[in-house]
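The structure appears below as C-alpha cells.
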Amino acid sequence: MQSNINTSQPVYVAPANPAGRALASALTAQGYNVCGLADNLKHADGIINSHAQSKPDAMVIICSGPYTHSVAKGLIARGFSPNQLYTSVESESLATTQAPNSSPKGGTNLRSTIRPYKTPISEKFKSLRFMLFSFIIKVLRSMVPQRGYVYYAEQFFDTNMLLAYRQHRRQHPDEPWLIGRDIKQDLTMLDADNHLLRLFSLQGLWHMVRAKKMVVDHEFTGNTFTLFRRFIPVIQLWHGLPYKALSGNIHYPDICDDAFISSSSWFNEHIFPTIFRAKRYLDYGYPRNDVFSQLPQERDWINAEPLCTLTHIQNTTGSIIVYAPTYRDWGDNDYPLDLDKINEWCIKNKRSFVLKFHPFISRQFGDAMALPDSENVQALPSHPHLYLYPSGKNIYPWLADAETLITDYSSIAYDFLLADKPIIYFQYDKQDYLKLRGNTLVSDSDFIAGEVVEDVNSMLLCLSVHGPFTLFEQKSLKKKFNIKTQQSAFLISSYVRE
C-alpha cells in the first residue's frame, strides 16, 4: 500500500489547524507535492472544502488527533473517496523523519508514518446508532404533540442564549426549557430554575422530542445537535457581527435553519447568507446588547459580576476601561501588555483596567500572576488598578459602563458602537493574524471606528488624548450596517413563539 504514495502525487493536508499546517510544512520539506490544506469548516485561500476543488488523483493526509475520524467522515461526505484518505503520525514526530525513499538514520522513515485511513469498527457502530436514533426520533415526533421550546447549548450557555431564555421564561414561565450537554459553568443564579437541565438526560430528550422550536447561538458538530436539527426548526442567534472568517453551516447542504438572527440588516444581506443556511434572516438585535440602552438597575445581571462590585471598583480605582482581545487559535496568545506601565497610567489618571480573556488564556494568565482559582473579579498582585474578569462570565453589563473598549479583531467592537464611546484597536500582530486566519469577511474600513495601535505606549497615548473617539466614524458604521438599538430579547422570544 505504501508503494502507491509518491512525491509527485498531489497531496492535501487536513485539517487547516496549527497541527495540519505543521504537517504540511514538514511534508513539503520532505519533497512531497503539497497543494494546500483541506478542511470541512474553514474557508480561505489555499484551503479546499470538497473533492470537486481538488486536483485529479489527489490524496488527503489527515493529521492524527482527537478529531481524525470526524474529519475523515466530513471529507467523505464532501465527495472524497475513502481510498484517497491517509493518516499520519503527530506532526512533532516528523522532525526526525528522513526524505522519501531513504533509509532511516536515527529517525523514522516518513513513508512508514503515512497509512491508508481505515474507518474503525467503533465509528461504524456510531453511524449505525445514529441512523437508529434518527428513525426513533422521527417516529416519536410524528406521534407526540409538539409543546414548549428548547434553548440548547453544549459545554457553555453563552450570553445571548441565557438572556433570550430568561425573557421567554418571564413572559411564559411554562414554555421554555434551557437544556445543555456537559455544561460545566457556574450558574448559581439559576439554581432555583427547575427548567434548567445542565446534563442531557431522558427528561431533556423528552422535551427535545416534543419541542416546537430549538434556539441556539453556536454551531455544534456533535451527534446530539446534528440529530435533532433534522427534525426541529432551529433559530440561530449566533453571537456577534464578524470581522474574521467563520465556518458557518453553509457547507452542509442538508441544513437549512428556520431563521438566523443578528443585529444588522446589512450583514444579513451581504455576509451571513454566504456562510449560514436559513429560510429567513432577521435583524432583531442581540440580547446581550440590550444593556447599552438600559440603566444599571434595568440590566439582566445573570452570569455577570454584580453591580455592587462594579460600583465598588469605580469608586475605589476609577472608571473602567475594558480590554477584550480575541483568541488566537494558532496558539500564540502572549498579549504584549506592559502591566507596570498600564497600572502606572491608571493610577495617574484614576482609571480601572479590566482584562477579559478567553477561558484558556485567562487560566494561563491567572497562573502566571499567582492568582487563586476564583469565579470573581480579582485585582492583580502589585497592580491594584488592573483586574482580571472571570472568563466564563458575561462582561456586557460592565461594558455598558466602560469609558473605553480596547480590542483587536473581535465582534465586541461592533457591539460597542452602540455605546457611542471610544474604541482602540490593539492590532500588534495584524500580518500574522491575516496570514494564519485567512481573508476577513469585511474590509478594515467596515470594521475600524477608532485608532489602531501596535504597542502599549501608543495605546496609553490614545487613552490620554482621547484620540480614538471618532463619533463620526462610529455613526457612519452604525448607519451603514443598520445596527439595531431596540430591546431585542423581547422581540426574539416573541418570534420564537410564532
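Every chain in the C-alpha cells has a letter given in the order shown (A, B, ...), and although residue numbers restart at 1 in each chain, ligands are simply numbered from 1 in the order shown.
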List as a PyMOL selection string the protein and nucleic acid residues near stretch 415-429 of chain A, meaning an atom at most 6 Å away when only C-alpha atoms are counted, but skip any in the same chain fewer than 6 places from it. chain A and resi 292+404-408+450-454+468-469
How about saving the chosen residues, all heavy atoms kept, as an mmCIF file, in the first residue's frame?
```
data_model
loop_
_atom_site.group_PDB
_atom_site.id
_atom_site.type_symbol
_atom_site.label_atom_id
_atom_site.label_comp_id
_atom_site.auth_asym_id
_atom_site.auth_seq_id
_atom_site.Cartn_x
_atom_site.Cartn_y
_atom_site.Cartn_z
ATOM 1 N N PHE A 292 -26.919 48.411 26.525
ATOM 2 C CA PHE A 292 -26.478 49.742 26.102
ATOM 3 C C PHE A 292 -27.602 50.761 26.095
ATOM 4 O O PHE A 292 -27.345 51.969 25.986
ATOM 5 C CB PHE A 292 -25.829 49.657 24.714
ATOM 6 C CG PHE A 292 -24.545 48.867 24.690
ATOM 7 C CD1 PHE A 292 -24.481 47.655 24.027
ATOM 8 C CD2 PHE A 292 -23.416 49.315 25.351
ATOM 9 C CE1 PHE A 292 -23.309 46.914 24.002
ATOM 10 C CE2 PHE A 292 -22.236 48.587 25.343
ATOM 11 C CZ PHE A 292 -22.184 47.380 24.664
ATOM 12 N N THR A 404 -13.980 53.212 27.806
ATOM 13 C CA THR A 404 -13.328 52.890 26.535
ATOM 14 C C THR A 404 -13.256 51.379 26.392
ATOM 15 O O THR A 404 -13.086 50.660 27.383
ATOM 16 C CB THR A 404 -11.892 53.470 26.486
ATOM 17 O OG1 THR A 404 -11.937 54.878 26.711
ATOM 18 C CG2 THR A 404 -11.236 53.200 25.138
ATOM 19 N N LEU A 405 -13.347 50.900 25.169
ATOM 20 C CA LEU A 405 -13.100 49.492 24.862
ATOM 21 C C LEU A 405 -11.795 49.386 24.093
ATOM 22 O O LEU A 405 -11.559 50.139 23.142
ATOM 23 C CB LEU A 405 -14.230 48.907 24.016
ATOM 24 C CG LEU A 405 -13.954 47.516 23.414
ATOM 25 C CD1 LEU A 405 -13.882 46.452 24.502
ATOM 26 C CD2 LEU A 405 -14.994 47.146 22.369
ATOM 27 N N ILE A 406 -10.950 48.431 24.502
ATOM 28 C CA ILE A 406 -9.747 48.094 23.751
ATOM 29 C C ILE A 406 -9.908 46.656 23.275
ATOM 30 O O ILE A 406 -10.123 45.748 24.084
ATOM 31 C CB ILE A 406 -8.477 48.232 24.617
ATOM 32 C CG1 ILE A 406 -8.361 49.650 25.177
ATOM 33 C CG2 ILE A 406 -7.235 47.889 23.790
ATOM 34 C CD1 ILE A 406 -7.250 49.818 26.195
ATOM 35 N N THR A 407 -9.839 46.446 21.974
ATOM 36 C CA THR A 407 -9.960 45.098 21.422
ATOM 37 C C THR A 407 -9.033 44.986 20.230
ATOM 38 O O THR A 407 -8.137 45.821 20.037
ATOM 39 C CB THR A 407 -11.424 44.781 21.065
ATOM 40 O OG1 THR A 407 -11.541 43.413 20.670
ATOM 41 C CG2 THR A 407 -11.954 45.693 19.974
ATOM 42 N N ASP A 408 -9.217 43.970 19.400
ATOM 43 C CA ASP A 408 -8.358 43.802 18.232
ATOM 44 C C ASP A 408 -9.187 43.480 16.991
ATOM 45 O O ASP A 408 -9.443 44.319 16.158
ATOM 46 C CB ASP A 408 -7.281 42.744 18.483
ATOM 47 C CG ASP A 408 -7.814 41.523 19.212
ATOM 48 O OD1 ASP A 408 -9.019 41.247 19.105
ATOM 49 O OD2 ASP A 408 -7.028 40.823 19.882
ATOM 50 N N GLY A 450 -11.991 53.851 15.075
ATOM 51 C CA GLY A 450 -11.177 54.398 16.146
ATOM 52 C C GLY A 450 -9.715 54.304 15.768
ATOM 53 O O GLY A 450 -9.365 54.054 14.614
ATOM 54 N N GLU A 451 -8.841 54.483 16.731
ATOM 55 C CA GLU A 451 -7.405 54.434 16.490
ATOM 56 C C GLU A 451 -6.898 53.001 16.507
ATOM 57 O O GLU A 451 -7.315 52.181 17.337
ATOM 58 C CB GLU A 451 -6.659 55.246 17.549
ATOM 59 C CG GLU A 451 -6.862 56.743 17.443
ATOM 60 C CD GLU A 451 -6.194 57.317 16.201
ATOM 61 O OE1 GLU A 451 -5.169 56.755 15.768
ATOM 62 O OE2 GLU A 451 -6.711 58.313 15.671
ATOM 63 N N VAL A 452 -5.970 52.693 15.581
ATOM 64 C CA VAL A 452 -5.278 51.404 15.556
ATOM 65 C C VAL A 452 -3.889 51.603 16.137
ATOM 66 O O VAL A 452 -3.149 52.498 15.704
ATOM 67 C CB VAL A 452 -5.177 50.847 14.123
ATOM 68 C CG1 VAL A 452 -4.397 49.528 14.124
ATOM 69 C CG2 VAL A 452 -6.557 50.659 13.528
ATOM 70 N N VAL A 453 -3.529 50.788 17.125
ATOM 71 C CA VAL A 453 -2.215 50.900 17.762
ATOM 72 C C VAL A 453 -1.539 49.532 17.742
ATOM 73 O O VAL A 453 -2.195 48.495 17.645
ATOM 74 C CB VAL A 453 -2.316 51.420 19.207
ATOM 75 C CG1 VAL A 453 -2.936 52.808 19.221
ATOM 76 C CG2 VAL A 453 -3.119 50.466 20.086
ATOM 77 N N GLU A 454 -0.208 49.551 17.863
ATOM 78 C CA GLU A 454 0.559 48.312 17.806
ATOM 79 C C GLU A 454 1.391 48.065 19.047
ATOM 80 O O GLU A 454 2.054 47.038 19.151
ATOM 81 C CB GLU A 454 1.466 48.312 16.570
ATOM 82 C CG GLU A 454 0.700 48.378 15.253
ATOM 83 C CD GLU A 454 1.619 48.371 14.043
ATOM 84 O OE1 GLU A 454 2.859 48.360 14.248
ATOM 85 O OE2 GLU A 454 1.100 48.372 12.912
ATOM 86 N N PRO A 468 -9.051 58.154 20.066
ATOM 87 C CA PRO A 468 -9.868 57.142 19.379
ATOM 88 C C PRO A 468 -11.346 57.485 19.276
ATOM 89 O O PRO A 468 -12.075 56.793 18.573
ATOM 90 C CB PRO A 468 -9.678 55.892 20.261
ATOM 91 C CG PRO A 468 -9.394 56.432 21.619
ATOM 92 C CD PRO A 468 -8.557 57.664 21.357
ATOM 93 N N PHE A 469 -11.786 58.520 19.989
ATOM 94 C CA PHE A 469 -13.223 58.781 19.994
ATOM 95 C C PHE A 469 -13.599 59.518 18.716
ATOM 96 O O PHE A 469 -13.617 60.751 18.667
ATOM 97 C CB PHE A 469 -13.602 59.594 21.218
ATOM 98 C CG PHE A 469 -15.098 59.718 21.388
ATOM 99 C CD1 PHE A 469 -15.945 58.707 20.974
ATOM 100 C CD2 PHE A 469 -15.649 60.846 21.958
ATOM 101 C CE1 PHE A 469 -17.314 58.806 21.124
ATOM 102 C CE2 PHE A 469 -17.023 60.962 22.142
ATOM 103 C CZ PHE A 469 -17.858 59.936 21.718
#
```
Can you list every residue in stretch 210-419 of chain A that DSSP puts in strand (DSSP E or B), as a ChimeraX atom specification? /A:213-216,234-236,257,259-261,264,278,281-282,319-323,351-355,378-380,383-388,404-407
Selection export as a compact mmCIF listing (two decimals), in the first residue's frame, atoms kept: C-alpha atoms:
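So the final result, stored in part10.txt, reads:
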```txt
# COMPACT_ATOMS: atom_id res chain seq x y z
CA LYS A 213 -38.56 25.05 18.04
CA MET A 214 -34.95 24.94 19.20
CA VAL A 215 -32.88 28.08 19.83
CA VAL A 216 -29.06 28.02 19.66
CA VAL A 234 -33.74 25.83 14.53
CA ILE A 235 -33.42 29.53 15.30
CA GLN A 236 -29.76 30.54 15.24
CA ASP A 257 -32.36 26.58 9.72
CA ALA A 259 -34.20 31.60 10.98
CA PHE A 260 -30.89 33.36 11.52
CA ILE A 261 -30.94 36.40 13.81
CA SER A 264 -27.60 44.14 11.28
CA ALA A 278 -31.51 29.73 6.80
CA TYR A 281 -32.53 36.41 8.14
CA LEU A 282 -33.91 38.71 10.83
CA SER A 319 -13.99 54.41 35.84
CA ILE A 320 -13.34 51.24 33.89
CA ILE A 321 -11.56 50.54 30.61
CA VAL A 322 -12.21 47.06 29.19
CA TYR A 323 -9.57 45.11 27.26
CA ARG A 351 -8.84 54.55 35.85
CA SER A 352 -9.50 50.83 36.28
CA PHE A 353 -8.25 48.45 33.58
CA VAL A 354 -10.38 45.29 33.26
CA LEU A 355 -8.94 42.28 31.40
CA GLN A 378 -9.69 39.88 41.03
CA ALA A 379 -7.20 42.73 41.29
CA LEU A 380 -3.75 41.75 40.03
CA HIS A 383 -1.19 46.19 40.14
CA PRO A 384 -4.19 47.42 42.14
CA HIS A 385 -5.80 49.26 39.19
CA LEU A 386 -5.76 46.15 36.96
CA TYR A 387 -8.46 43.48 37.24
CA LEU A 388 -8.99 40.03 35.76
CA THR A 404 -13.33 52.89 26.53
CA LEU A 405 -13.10 49.49 24.86
CA ILE A 406 -9.75 48.09 23.75
CA THR A 407 -9.96 45.10 21.42
```
Contacts of A:Ser54 at 10 Å (only C-alpha atoms; same-chain gap of 2+ positions) as a list of chain:residue names: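 These residues fall inside the cut-off: A:Pro10, A:Val11, A:Tyr12, A:Cys35, A:Gly36, A:Leu37, A:Ala38, A:Ile47, A:Ile48, A:Asn49, A:Ser50, A:His51, A:Ala52, A:Pro56, A:Asp57, A:Ala58, A:Met59, A:Val60, A:Phe80.
All residues of protein, DNA or RNA that reach within 12 Å of A:Gln487, judged by only C-alpha atoms and not counting those fewer than 5 positions away in the chain, are A:Leu163, A:Ala164, A:Gln167, A:Ser263, A:Asp283, A:Tyr284, A:Gly285, A:Tyr286, A:Pro287, A:Arg288, A:Asn289, A:Asp290, A:Val291, A:Phe292, A:Ser293, A:Gln294, A:Glu298, A:Arg299, A:Ile492, A:Ser493, A:Ser494.
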For the selection you just gave me, I'd like the residues written to a file as an mmCIF file, in the first residue's frame, keeping N, CA and C atoms.
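Dumped everything to out39.cif:
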```cif
data_model
loop_
_atom_site.group_PDB
_atom_site.id
_atom_site.type_symbol
_atom_site.label_atom_id
_atom_site.label_comp_id
_atom_site.auth_asym_id
_atom_site.auth_seq_id
_atom_site.Cartn_x
_atom_site.Cartn_y
_atom_site.Cartn_z
ATOM 1 N N LEU A 163 -30.004 35.190 27.989
ATOM 2 C CA LEU A 163 -30.885 36.348 28.070
ATOM 3 C C LEU A 163 -32.193 36.122 27.309
ATOM 4 N N ALA A 164 -32.100 35.486 26.146
ATOM 5 C CA ALA A 164 -33.319 35.196 25.389
ATOM 6 C C ALA A 164 -34.198 34.206 26.160
ATOM 7 N N GLN A 167 -35.902 35.946 29.180
ATOM 8 C CA GLN A 167 -37.002 36.807 28.762
ATOM 9 C C GLN A 167 -38.229 35.963 28.431
ATOM 10 N N SER A 263 -27.881 41.492 14.493
ATOM 11 C CA SER A 263 -28.235 42.875 14.828
ATOM 12 C C SER A 263 -28.101 43.814 13.637
ATOM 13 N N ASP A 283 -33.163 40.901 11.574
ATOM 14 C CA ASP A 283 -32.284 41.855 12.271
ATOM 15 C C ASP A 283 -32.940 42.339 13.556
ATOM 16 N N TYR A 284 -33.191 41.420 14.457
ATOM 17 C CA TYR A 284 -33.840 41.758 15.718
ATOM 18 C C TYR A 284 -32.855 42.269 16.765
ATOM 19 N N GLY A 285 -31.564 42.090 16.532
ATOM 20 C CA GLY A 285 -30.572 42.515 17.515
ATOM 21 C C GLY A 285 -30.115 41.358 18.379
ATOM 22 N N TYR A 286 -29.102 41.629 19.207
ATOM 23 C CA TYR A 286 -28.560 40.631 20.130
ATOM 24 C C TYR A 286 -29.009 40.964 21.549
ATOM 25 N N PRO A 287 -29.536 39.986 22.279
ATOM 26 C CA PRO A 287 -29.970 40.257 23.656
ATOM 27 C C PRO A 287 -28.874 40.858 24.531
ATOM 28 N N ARG A 288 -27.630 40.466 24.303
ATOM 29 C CA ARG A 288 -26.550 40.999 25.146
ATOM 30 C C ARG A 288 -26.365 42.499 24.965
ATOM 31 N N ASN A 289 -26.830 43.037 23.810
ATOM 32 C CA ASN A 289 -26.667 44.464 23.549
ATOM 33 C C ASN A 289 -27.753 45.320 24.168
ATOM 34 N N ASP A 290 -28.742 44.697 24.770
ATOM 35 C CA ASP A 290 -29.805 45.469 25.414
ATOM 36 C C ASP A 290 -29.263 46.372 26.516
ATOM 37 N N VAL A 291 -28.125 45.981 27.106
ATOM 38 C CA VAL A 291 -27.565 46.755 28.223
ATOM 39 C C VAL A 291 -27.208 48.181 27.821
ATOM 40 N N PHE A 292 -26.919 48.411 26.525
ATOM 41 C CA PHE A 292 -26.478 49.742 26.102
ATOM 42 C C PHE A 292 -27.602 50.761 26.095
ATOM 43 N N SER A 293 -28.828 50.291 26.222
ATOM 44 C CA SER A 293 -29.952 51.222 26.303
ATOM 45 C C SER A 293 -30.705 51.083 27.628
ATOM 46 N N GLN A 294 -30.045 50.480 28.605
ATOM 47 C CA GLN A 294 -30.670 50.265 29.912
ATOM 48 C C GLN A 294 -29.864 50.922 31.023
ATOM 49 N N GLU A 298 -31.738 48.186 35.437
ATOM 50 C CA GLU A 298 -32.648 47.518 34.495
ATOM 51 C C GLU A 298 -32.008 46.325 33.806
ATOM 52 N N ARG A 299 -30.695 46.205 33.876
ATOM 53 C CA ARG A 299 -29.992 45.148 33.143
ATOM 54 C C ARG A 299 -30.203 43.778 33.796
ATOM 55 N N ILE A 492 -37.105 38.616 20.197
ATOM 56 C CA ILE A 492 -36.696 37.253 19.881
ATOM 57 C C ILE A 492 -37.630 36.233 20.527
ATOM 58 N N SER A 493 -37.919 36.424 21.803
ATOM 59 C CA SER A 493 -38.794 35.475 22.487
ATOM 60 C C SER A 493 -40.190 35.480 21.858
ATOM 61 N N SER A 494 -40.632 36.636 21.385
ATOM 62 C CA SER A 494 -41.936 36.703 20.721
ATOM 63 C C SER A 494 -41.901 35.966 19.389
#
```
Using DSSP secondary structure from the backbone, list all alpha helix (DSSP H) positions within stretch 239-451 of chain A, as a VMD selection string. chain A and resid 265 to 270 307 to 317 339 to 349 359 to 368 396 to 399 412 to 416 430 to 437
Closest of A:Gly180, A:Pro306, A:Pro273, A:Gly31 to A:Glu375, counting only C-alpha atoms, is A:Pro306
